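coords-v2.csv, holding CSV, N, CA and C atoms:
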```csv
chain,number,residue,atom,x,y,z
S,1,MET,N,-28.7,5.4,-0.7
S,1,MET,CA,-28.4,4.0,-0.9
S,1,MET,C,-28.8,3.6,-2.3
S,2,GLU,N,-27.9,3.1,-3.1
S,2,GLU,CA,-28.3,2.7,-4.4
S,2,GLU,C,-27.7,1.3,-4.6
S,3,LYS,N,-26.7,1.2,-5.4
S,3,LYS,CA,-26.1,0.0,-5.7
S,3,LYS,C,-24.6,0.0,-5.4
S,4,PHE,N,-24.1,-1.2,-5.0
S,4,PHE,CA,-22.7,-1.4,-4.7
S,4,PHE,C,-22.3,-2.6,-5.5
S,5,SER,N,-21.2,-2.4,-6.3
S,5,SER,CA,-20.7,-3.6,-7.1
S,5,SER,C,-19.2,-3.6,-7.1
S,6,ILE,N,-18.7,-4.9,-7.2
S,6,ILE,CA,-17.3,-5.1,-7.4
S,6,ILE,C,-17.2,-6.1,-8.5
S,7,ALA,N,-16.5,-5.8,-9.6
S,7,ALA,CA,-16.4,-6.7,-10.7
S,7,ALA,C,-15.5,-7.9,-10.3
S,8,GLY,N,-15.9,-9.1,-10.7
S,8,GLY,CA,-15.1,-10.3,-10.4
S,8,GLY,C,-13.8,-10.4,-11.2
S,9,THR,N,-12.9,-11.1,-10.6
S,9,THR,CA,-11.6,-11.4,-11.2
S,9,THR,C,-11.4,-12.9,-11.1
S,10,PRO,N,-10.3,-13.5,-11.6
S,10,PRO,CA,-10.1,-14.9,-11.3
S,10,PRO,C,-9.9,-15.2,-9.9
S,11,LYS,N,-9.5,-14.2,-9.0
S,11,LYS,CA,-9.3,-14.5,-7.6
S,11,LYS,C,-10.4,-13.9,-6.7
S,12,THR,N,-11.2,-13.1,-7.2
S,12,THR,CA,-12.3,-12.4,-6.4
S,12,THR,C,-13.7,-12.6,-7.0
S,13,PRO,N,-14.7,-12.7,-6.2
S,13,PRO,CA,-16.0,-12.9,-6.7
S,13,PRO,C,-16.6,-11.6,-7.2
S,14,THR,N,-17.6,-11.7,-8.1
S,14,THR,CA,-18.5,-10.5,-8.4
S,14,THR,C,-19.4,-10.3,-7.3
S,15,ILE,N,-19.5,-9.0,-6.9
S,15,ILE,CA,-20.5,-8.7,-5.8
S,15,ILE,C,-21.4,-7.6,-6.4
S,16,ASN,N,-22.7,-7.9,-6.3
S,16,ASN,CA,-23.7,-6.9,-6.7
S,16,ASN,C,-24.7,-6.8,-5.5
S,17,PHE,N,-24.8,-5.6,-5.0
S,17,PHE,CA,-25.7,-5.3,-3.9
S,17,PHE,C,-26.6,-4.2,-4.3
S,18,ASP,N,-27.8,-4.5,-4.5
S,18,ASP,CA,-28.9,-3.5,-4.9
S,18,ASP,C,-29.6,-3.2,-3.6
S,19,MET,N,-29.2,-2.1,-3.0
S,19,MET,CA,-29.8,-1.7,-1.7
S,19,MET,C,-31.2,-1.3,-1.8
S,20,GLU,N,-31.6,-0.7,-3.0
S,20,GLU,CA,-32.9,-0.2,-3.2
S,20,GLU,C,-33.9,-1.4,-3.4
S,21,GLY,N,-33.4,-2.5,-4.0
S,21,GLY,CA,-34.2,-3.7,-4.3
S,21,GLY,C,-34.1,-4.7,-3.2
S,22,GLY,N,-33.1,-4.5,-2.3
S,22,GLY,CA,-32.9,-5.5,-1.2
S,22,GLY,C,-32.4,-6.9,-1.8
S,23,PHE,N,-31.4,-6.8,-2.6
S,23,PHE,CA,-30.8,-8.0,-3.3
S,23,PHE,C,-29.3,-7.9,-3.3
S,24,LEU,N,-28.7,-9.0,-2.8
S,24,LEU,CA,-27.2,-9.2,-2.7
S,24,LEU,C,-26.8,-10.4,-3.4
S,25,GLU,N,-25.8,-10.3,-4.3
S,25,GLU,CA,-25.3,-11.5,-5.0
S,25,GLU,C,-23.8,-11.6,-4.9
S,26,ILE,N,-23.3,-12.7,-4.5
S,26,ILE,CA,-21.9,-13.0,-4.5
S,26,ILE,C,-21.6,-14.2,-5.3
S,27,LYS,N,-20.8,-14.1,-6.4
S,27,LYS,CA,-20.7,-15.2,-7.4
S,27,LYS,C,-19.3,-15.3,-7.9
S,28,GLY,N,-18.7,-16.5,-8.0
S,28,GLY,CA,-17.4,-16.7,-8.5
S,28,GLY,C,-16.5,-17.4,-7.6
S,29,ARG,N,-15.2,-17.1,-7.7
S,29,ARG,CA,-14.2,-17.6,-6.8
S,29,ARG,C,-13.7,-16.6,-5.8
S,30,SER,N,-13.5,-17.0,-4.5
S,30,SER,CA,-13.0,-16.0,-3.5
S,30,SER,C,-11.7,-16.5,-2.9
S,31,ILE,N,-10.6,-16.1,-3.5
S,31,ILE,CA,-9.3,-16.3,-3.0
S,31,ILE,C,-8.4,-15.1,-3.1
S,32,PRO,N,-9.0,-13.9,-2.6
S,32,PRO,CA,-8.2,-12.7,-2.7
S,32,PRO,C,-6.9,-12.7,-1.8
S,33,GLU,N,-6.0,-11.8,-2.2
S,33,GLU,CA,-4.8,-11.7,-1.4
S,33,GLU,C,-5.1,-11.3,0.0
S,34,ASN,N,-6.0,-10.4,0.2
S,34,ASN,CA,-6.4,-9.9,1.5
S,34,ASN,C,-7.9,-9.9,1.6
S,35,SER,N,-8.5,-11.0,2.2
S,35,SER,CA,-9.9,-11.1,2.2
S,35,SER,C,-10.6,-10.0,3.0
S,36,ILE,N,-10.0,-9.7,4.2
S,36,ILE,CA,-10.6,-8.6,5.0
S,36,ILE,C,-10.7,-7.3,4.2
S,37,GLU,N,-9.7,-7.0,3.5
S,37,GLU,CA,-9.7,-5.7,2.8
S,37,GLU,C,-10.7,-5.8,1.6
S,38,PHE,N,-10.8,-7.0,1.0
S,38,PHE,CA,-11.7,-7.2,-0.1
S,38,PHE,C,-13.2,-7.1,0.3
S,39,TYR,N,-13.5,-7.7,1.4
S,39,TYR,CA,-14.9,-7.8,1.9
S,39,TYR,C,-15.4,-6.6,2.7
S,40,LYS,N,-14.4,-5.8,3.2
S,40,LYS,CA,-14.7,-4.6,4.1
S,40,LYS,C,-15.7,-3.7,3.4
S,41,PRO,N,-15.6,-3.3,2.2
S,41,PRO,CA,-16.6,-2.3,1.6
S,41,PRO,C,-18.0,-3.0,1.6
S,42,LEU,N,-18.1,-4.3,1.4
S,42,LEU,CA,-19.4,-4.9,1.4
S,42,LEU,C,-20.0,-4.9,2.8
S,43,VAL,N,-19.2,-5.2,3.8
S,43,VAL,CA,-19.6,-5.2,5.2
S,43,VAL,C,-20.0,-3.8,5.6
S,44,ASP,N,-19.3,-2.8,5.2
S,44,ASP,CA,-19.6,-1.4,5.5
S,44,ASP,C,-20.9,-1.0,4.9
S,45,ASN,N,-21.2,-1.4,3.6
S,45,ASN,CA,-22.5,-1.1,3.0
S,45,ASN,C,-23.6,-1.9,3.6
S,46,LEU,N,-23.4,-3.1,4.1
S,46,LEU,CA,-24.4,-3.8,4.8
S,46,LEU,C,-24.7,-3.1,6.1
S,47,GLU,N,-23.7,-2.5,6.8
S,47,GLU,CA,-23.9,-1.8,8.0
S,47,GLU,C,-24.8,-0.6,7.7
S,48,LYS,N,-24.6,0.1,6.7
S,48,LYS,CA,-25.4,1.3,6.3
S,48,LYS,C,-26.9,0.8,6.0
S,49,TYR,N,-26.9,-0.3,5.2
S,49,TYR,CA,-28.2,-0.9,4.8
S,49,TYR,C,-29.0,-1.3,6.0
S,50,ALA,N,-28.4,-1.8,7.1
S,50,ALA,CA,-29.0,-2.3,8.3
S,50,ALA,C,-29.8,-1.1,9.0
S,51,GLY,N,-29.4,0.1,8.7
S,51,GLY,CA,-30.1,1.3,9.3
S,51,GLY,C,-31.5,1.4,8.8
S,52,ALA,N,-31.7,1.1,7.5
S,52,ALA,CA,-33.0,1.2,6.9
S,52,ALA,C,-33.2,0.1,5.8
S,53,PRO,N,-33.3,-1.2,6.3
S,53,PRO,CA,-33.3,-2.3,5.3
S,53,PRO,C,-34.7,-2.4,4.7
S,54,LYS,N,-34.8,-3.0,3.5
S,54,LYS,CA,-36.1,-3.3,2.9
S,54,LYS,C,-36.8,-4.3,3.7
S,55,PRO,N,-38.1,-4.4,3.5
S,55,PRO,CA,-38.9,-5.5,4.2
S,55,PRO,C,-38.4,-6.9,4.0
S,56,ALA,N,-37.8,-7.1,2.8
S,56,ALA,CA,-37.3,-8.4,2.4
S,56,ALA,C,-35.9,-8.2,1.7
S,57,THR,N,-35.0,-9.0,2.1
S,57,THR,CA,-33.6,-9.0,1.5
S,57,THR,C,-33.3,-10.4,1.0
S,58,ASN,N,-33.0,-10.5,-0.2
S,58,ASN,CA,-32.7,-11.8,-0.8
S,58,ASN,C,-31.2,-11.8,-1.1
S,59,VAL,N,-30.6,-12.9,-0.8
S,59,VAL,CA,-29.1,-13.1,-0.9
S,59,VAL,C,-28.8,-14.3,-1.7
S,60,ASN,N,-28.1,-14.2,-2.8
S,60,ASN,CA,-27.7,-15.3,-3.6
S,60,ASN,C,-26.2,-15.5,-3.5
S,61,ILE,N,-25.8,-16.7,-3.0
S,61,ILE,CA,-24.4,-17.0,-2.9
S,61,ILE,C,-24.1,-18.1,-3.9
S,62,GLN,N,-23.2,-17.9,-4.9
S,62,GLN,CA,-22.9,-18.9,-5.8
S,62,GLN,C,-21.4,-18.9,-6.0
S,63,LEU,N,-20.7,-19.6,-5.1
S,63,LEU,CA,-19.2,-19.6,-5.2
S,63,LEU,C,-18.8,-20.9,-5.7
S,64,GLU,N,-17.8,-20.9,-6.6
S,64,GLU,CA,-17.1,-22.1,-7.0
S,64,GLU,C,-16.2,-22.7,-6.0
S,65,TYR,N,-15.5,-21.7,-5.3
S,65,TYR,CA,-14.5,-22.1,-4.4
S,65,TYR,C,-14.2,-20.8,-3.5
S,66,PHE,N,-13.9,-21.1,-2.2
S,66,PHE,CA,-13.4,-20.0,-1.4
S,66,PHE,C,-12.3,-20.5,-0.4
S,67,ASN,N,-11.4,-19.7,-0.1
S,67,ASN,CA,-10.3,-20.1,0.8
S,67,ASN,C,-10.7,-19.8,2.3
S,68,THR,N,-9.9,-20.2,3.2
S,68,THR,CA,-10.2,-20.2,4.6
S,68,THR,C,-10.4,-18.7,5.1
S,69,SER,N,-9.5,-17.8,4.6
S,69,SER,CA,-9.7,-16.4,5.1
S,69,SER,C,-11.0,-15.8,4.5
S,70,SER,N,-11.4,-16.2,3.3
S,70,SER,CA,-12.7,-15.8,2.8
S,70,SER,C,-13.8,-16.3,3.6
S,71,SER,N,-13.7,-17.5,4.1
S,71,SER,CA,-14.8,-18.1,4.9
S,71,SER,C,-15.2,-17.3,6.1
S,72,LYS,N,-14.1,-16.7,6.8
S,72,LYS,CA,-14.4,-15.9,7.9
S,72,LYS,C,-15.1,-14.6,7.5
S,73,CYS,N,-14.7,-14.0,6.4
S,73,CYS,CA,-15.3,-12.8,5.9
S,73,CYS,C,-16.7,-13.0,5.5
S,74,ILE,N,-17.0,-14.2,4.8
S,74,ILE,CA,-18.4,-14.5,4.4
S,74,ILE,C,-19.2,-14.7,5.7
S,75,LEU,N,-18.7,-15.2,6.7
S,75,LEU,CA,-19.4,-15.3,8.0
S,75,LEU,C,-19.7,-13.9,8.6
S,76,ASP,N,-18.8,-13.0,8.4
S,76,ASP,CA,-19.0,-11.6,8.9
S,76,ASP,C,-20.2,-11.0,8.1
S,77,VAL,N,-20.2,-11.3,6.8
S,77,VAL,CA,-21.3,-10.8,6.0
S,77,VAL,C,-22.6,-11.4,6.5
S,78,PHE,N,-22.6,-12.7,6.7
S,78,PHE,CA,-23.8,-13.4,7.2
S,78,PHE,C,-24.3,-12.9,8.6
S,79,LYS,N,-23.3,-12.5,9.4
S,79,LYS,CA,-23.6,-12.0,10.7
S,79,LYS,C,-24.3,-10.6,10.6
S,80,LYS,N,-23.9,-9.8,9.6
S,80,LYS,CA,-24.6,-8.5,9.4
S,80,LYS,C,-26.0,-8.8,8.9
S,81,LEU,N,-26.2,-9.8,8.0
S,81,LEU,CA,-27.5,-10.2,7.5
S,81,LEU,C,-28.4,-10.7,8.7
S,82,GLU,N,-27.8,-11.4,9.6
S,82,GLU,CA,-28.5,-11.9,10.8
S,82,GLU,C,-29.0,-10.8,11.6
S,83,THR,N,-28.2,-9.7,11.8
S,83,THR,CA,-28.6,-8.5,12.5
S,83,THR,C,-29.8,-7.9,11.9
S,84,ILE,N,-29.8,-7.8,10.5
S,84,ILE,CA,-30.9,-7.2,9.8
S,84,ILE,C,-32.1,-8.1,10.0
S,85,HIS,N,-32.0,-9.4,9.9
S,85,HIS,CA,-33.1,-10.3,10.1
S,85,HIS,C,-33.7,-10.2,11.5
S,86,LYS,N,-32.8,-10.1,12.5
S,86,LYS,CA,-33.3,-10.0,13.9
S,86,LYS,C,-34.1,-8.7,14.1
S,87,GLY,N,-33.7,-7.7,13.3
S,87,GLY,CA,-34.4,-6.4,13.3
S,87,GLY,C,-35.8,-6.3,12.7
S,88,GLY,N,-36.2,-7.5,12.2
S,88,GLY,CA,-37.6,-7.5,11.6
S,88,GLY,C,-37.7,-7.6,10.1
S,89,SER,N,-36.6,-7.4,9.4
S,89,SER,CA,-36.6,-7.5,8.0
S,89,SER,C,-36.4,-9.0,7.6
S,90,GLN,N,-37.2,-9.5,6.6
S,90,GLN,CA,-37.1,-10.9,6.2
S,90,GLN,C,-35.9,-11.0,5.3
S,91,VAL,N,-34.9,-11.9,5.8
S,91,VAL,CA,-33.7,-12.1,5.0
S,91,VAL,C,-33.7,-13.6,4.6
S,92,THR,N,-33.4,-13.9,3.3
S,92,THR,CA,-33.3,-15.3,2.9
S,92,THR,C,-32.0,-15.4,2.1
S,93,ILE,N,-31.2,-16.4,2.5
S,93,ILE,CA,-29.9,-16.7,1.9
S,93,ILE,C,-30.1,-17.9,1.0
S,94,ASN,N,-29.8,-17.8,-0.3
S,94,ASN,CA,-29.9,-18.9,-1.2
S,94,ASN,C,-28.5,-19.3,-1.5
S,95,TRP,N,-28.1,-20.5,-1.0
S,95,TRP,CA,-26.7,-21.0,-1.1
S,95,TRP,C,-26.7,-22.0,-2.3
S,96,HIS,N,-26.1,-21.6,-3.4
S,96,HIS,CA,-26.0,-22.4,-4.6
S,96,HIS,C,-24.8,-23.3,-4.6
S,97,TYR,N,-25.0,-24.5,-5.0
S,97,TYR,CA,-23.9,-25.4,-5.1
S,97,TYR,C,-24.1,-26.4,-6.3
S,98,GLU,N,-23.0,-26.8,-6.9
S,98,GLU,CA,-23.2,-27.8,-8.0
S,98,GLU,C,-23.5,-29.2,-7.4
S,99,GLU,N,-24.2,-30.0,-8.2
S,99,GLU,CA,-24.6,-31.3,-7.8
S,99,GLU,C,-23.6,-32.2,-7.2
S,100,ASP,N,-22.4,-32.2,-7.8
S,100,ASP,CA,-21.3,-33.0,-7.4
S,100,ASP,C,-20.3,-32.3,-6.4
S,101,ASP,N,-20.6,-31.2,-6.0
S,101,ASP,CA,-19.7,-30.4,-5.1
S,101,ASP,C,-20.1,-30.5,-3.6
S,102,GLU,N,-19.8,-31.6,-3.0
S,102,GLU,CA,-20.1,-31.9,-1.6
S,102,GLU,C,-19.5,-30.9,-0.7
S,103,ASP,N,-18.3,-30.4,-1.0
S,103,ASP,CA,-17.6,-29.4,-0.1
S,103,ASP,C,-18.4,-28.2,0.0
S,104,MET,N,-18.9,-27.7,-1.2
S,104,MET,CA,-19.7,-26.4,-1.2
S,104,MET,C,-21.0,-26.6,-0.4
S,105,LEU,N,-21.6,-27.8,-0.6
S,105,LEU,CA,-22.9,-28.1,0.1
S,105,LEU,C,-22.6,-28.1,1.6
S,106,GLU,N,-21.6,-28.8,2.0
S,106,GLU,CA,-21.2,-28.8,3.4
S,106,GLU,C,-20.9,-27.5,4.0
S,107,ALA,N,-20.2,-26.6,3.2
S,107,ALA,CA,-19.9,-25.3,3.7
S,107,ALA,C,-21.2,-24.5,3.9
S,108,GLY,N,-22.2,-24.6,3.0
S,108,GLY,CA,-23.5,-24.0,3.2
S,108,GLY,C,-24.2,-24.5,4.4
S,109,GLU,N,-24.1,-25.8,4.6
S,109,GLU,CA,-24.8,-26.4,5.8
S,109,GLU,C,-24.1,-25.9,7.1
S,110,ASP,N,-22.8,-25.8,7.1
S,110,ASP,CA,-22.1,-25.2,8.2
S,110,ASP,C,-22.5,-23.8,8.6
S,111,TYR,N,-22.6,-23.0,7.5
S,111,TYR,CA,-23.1,-21.6,7.8
S,111,TYR,C,-24.5,-21.6,8.3
S,112,GLN,N,-25.3,-22.5,7.7
S,112,GLN,CA,-26.7,-22.6,8.1
S,112,GLN,C,-26.9,-22.9,9.6
S,113,ALA,N,-25.9,-23.8,10.1
S,113,ALA,CA,-26.0,-24.2,11.5
S,113,ALA,C,-25.5,-23.0,12.4
S,114,ILE,N,-24.8,-22.1,11.9
S,114,ILE,CA,-24.2,-21.0,12.7
S,114,ILE,C,-25.1,-19.8,12.7
S,115,ILE,N,-25.7,-19.5,11.6
S,115,ILE,CA,-26.4,-18.2,11.4
S,115,ILE,C,-27.9,-18.5,11.5
S,116,ASN,N,-28.6,-17.6,12.3
S,116,ASN,CA,-30.0,-17.7,12.5
S,116,ASN,C,-30.8,-16.9,11.4
S,117,VAL,N,-30.7,-17.3,10.2
S,117,VAL,CA,-31.4,-16.7,9.0
S,117,VAL,C,-31.9,-17.8,8.1
S,118,PRO,N,-33.1,-17.7,7.5
S,118,PRO,CA,-33.5,-18.7,6.6
S,118,PRO,C,-32.5,-19.0,5.5
S,119,PHE,N,-32.1,-20.2,5.3
S,119,PHE,CA,-31.1,-20.7,4.4
S,119,PHE,C,-31.8,-21.6,3.4
S,120,LYS,N,-31.6,-21.4,2.1
S,120,LYS,CA,-32.1,-22.4,1.1
S,120,LYS,C,-30.9,-22.9,0.4
S,121,MET,N,-30.8,-24.3,0.3
S,121,MET,CA,-29.8,-24.9,-0.5
S,121,MET,C,-30.3,-25.1,-1.9
S,122,VAL,N,-29.7,-24.5,-2.8
S,122,VAL,CA,-30.1,-24.6,-4.2
S,122,VAL,C,-29.1,-25.3,-5.1
S,123,GLN,N,-29.5,-26.5,-5.5
S,123,GLN,CA,-28.6,-27.3,-6.4
S,123,GLN,C,-28.7,-26.7,-7.8
S,124,VAL,N,-27.5,-26.5,-8.4
S,124,VAL,CA,-27.5,-26.0,-9.8
S,124,VAL,C,-26.8,-27.1,-10.7
S,125,ASP,N,-27.3,-27.1,-11.9
S,125,ASP,CA,-26.7,-28.0,-12.9
S,125,ASP,C,-25.4,-27.4,-13.4
S,126,GLU,N,-24.4,-28.2,-13.6
S,126,GLU,CA,-23.1,-27.7,-14.0
S,126,GLU,C,-23.2,-27.1,-15.4
```
Go ahead and render the structure in this file as structure tokens.
Amino acid sequence: MEKFSIAGTPKTPTINFDMEGGFLEIKGRSIPENSIEFYKPLVDNLEKYAGAPKPATNVNIQLEYFNTSSSKCILDVFKKLETIHKGGSQVTINWHYEEDDEDMLEAGEDYQAIINVPFKMVQVDE
């Protein structure tokens, strides 16, 4: 287990997953043609990571926008993180949103209500 990365494009987010350091970052826009196909490698890597997670896993989510099909895939990612958390590893999700972006704040709050993992809402300046 080392690092897993996907370079961002105008339609897909940058994903950096440092499995050695226990750090996952998803940043950018998420409107891929096929969300399930796009997020599958990340979910697969999280599955592997769940077998031997670090004592602490930090997750930074900083999305400008995501579509409905991406929201389901993001939930799948969070469910994998929840499994890791329930297994005894400390998982923290930092949900970044811009000050005037109430939609992104509400989306983070919705995930927070569904997933049993510590969630931090992080307001960022534009």
Pick the closest to Tyr65 (chain S) from S:Leu81, S:Ile31, S:Val91, S:Met121: which is it, counting only N, CA and C atoms? S:Ile31
Which residues are near Asp18 (chain S)? Cut-off 6 Å, all atoms listed in the file, ignore same chain within fewer than 4 positions. Put them as a PyMOL selection string. chain S and resi 2-4+22-24
Using N, CA and C atoms, can you write the selected residues to a file as an mmCIF file, keeping the file's coordinate frame?
```cif
data_model
loop_
_atom_site.group_PDB
_atom_site.id
_atom_site.type_symbol
_atom_site.label_atom_id
_atom_site.label_comp_id
_atom_site.auth_asym_id
_atom_site.auth_seq_id
_atom_site.Cartn_x
_atom_site.Cartn_y
_atom_site.Cartn_z
ATOM 1 N N GLU S 2 -27.900 3.100 -3.100
ATOM 2 C CA GLU S 2 -28.300 2.700 -4.400
ATOM 3 C C GLU S 2 -27.700 1.300 -4.600
ATOM 4 N N LYS S 3 -26.700 1.200 -5.400
ATOM 5 C CA LYS S 3 -26.100 0.000 -5.700
ATOM 6 C C LYS S 3 -24.600 0.000 -5.400
ATOM 7 N N PHE S 4 -24.100 -1.200 -5.000
ATOM 8 C CA PHE S 4 -22.700 -1.400 -4.700
ATOM 9 C C PHE S 4 -22.300 -2.600 -5.500
ATOM 10 N N GLY S 22 -33.100 -4.500 -2.300
ATOM 11 C CA GLY S 22 -32.900 -5.500 -1.200
ATOM 12 C C GLY S 22 -32.400 -6.900 -1.800
ATOM 13 N N PHE S 23 -31.400 -6.800 -2.600
ATOM 14 C CA PHE S 23 -30.800 -8.000 -3.300
ATOM 15 C C PHE S 23 -29.300 -7.900 -3.300
ATOM 16 N N LEU S 24 -28.700 -9.000 -2.800
ATOM 17 C CA LEU S 24 -27.200 -9.200 -2.700
ATOM 18 C C LEU S 24 -26.800 -10.400 -3.400
#
```
Within 12 Å of file point (-29.3, -11.3, 11.6), counting only C-alpha atoms, expressed as a PyMOL selection string: chain S and resi 46-47+50+53+57+75-93+114-119
Filtered DSSP result for chain S, state alpha helix (DSSP H), as a PyMOL selection string: chain S and resi 35-51+68-86+102-114
Let me make sure I understand: among S:Val122, S:Lys54, S:Glu25, S:Gly8, which one has the smallest atom-to-atom distance to Glu98 (chain S) if we use all atoms listed in the file?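 Under the stated criterion, the closest residue is S:Val122.
The space separating CA of Ala113 (chain S) from CA of Tyr39 (chain S) comes to 22.0 Å.
For the pair atom C of Gly108 (chain S) and CA of Phe66 (chain S), the separation is 13.1 Å.
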What does the distance from CA of Phe38 (chain S) to atom C of Asn67 (chain S) come to in Å, to one decimal? 12.9 Å
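For the residues S:Gln112, S:Asn60, S:Ser35, S:Asn94, ranking by smallest atom-to-atom distance to Lys72 (chain S) using all atoms listed in the file places S:Ser35 first.
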Select, from S:Lys120, S:His96, S:Lys48, S:Lys11, the residue with the minimum atom-to-atom distance to Arg29 (chain S), counting only C-alpha atoms. S:Lys11
Please return as a PyMOL selection string: the residues of chain S that backbone DSSP assigns to strand (DSSP E). chain S and resi 3-6+14-18+23-30+56-66+90-98+119-124
Nearest to Glu64 (chain S), chosen from S:Lys27, S:Ala52, S:Pro10, S:Pro32, with only C-alpha atoms counted in the distances: S:Lys27
Among listed residues S:Asn58, S:Thr9, S:Ser30, S:Asn45, nearest Ser71 (chain S) (using only C-alpha atoms): S:Ser30
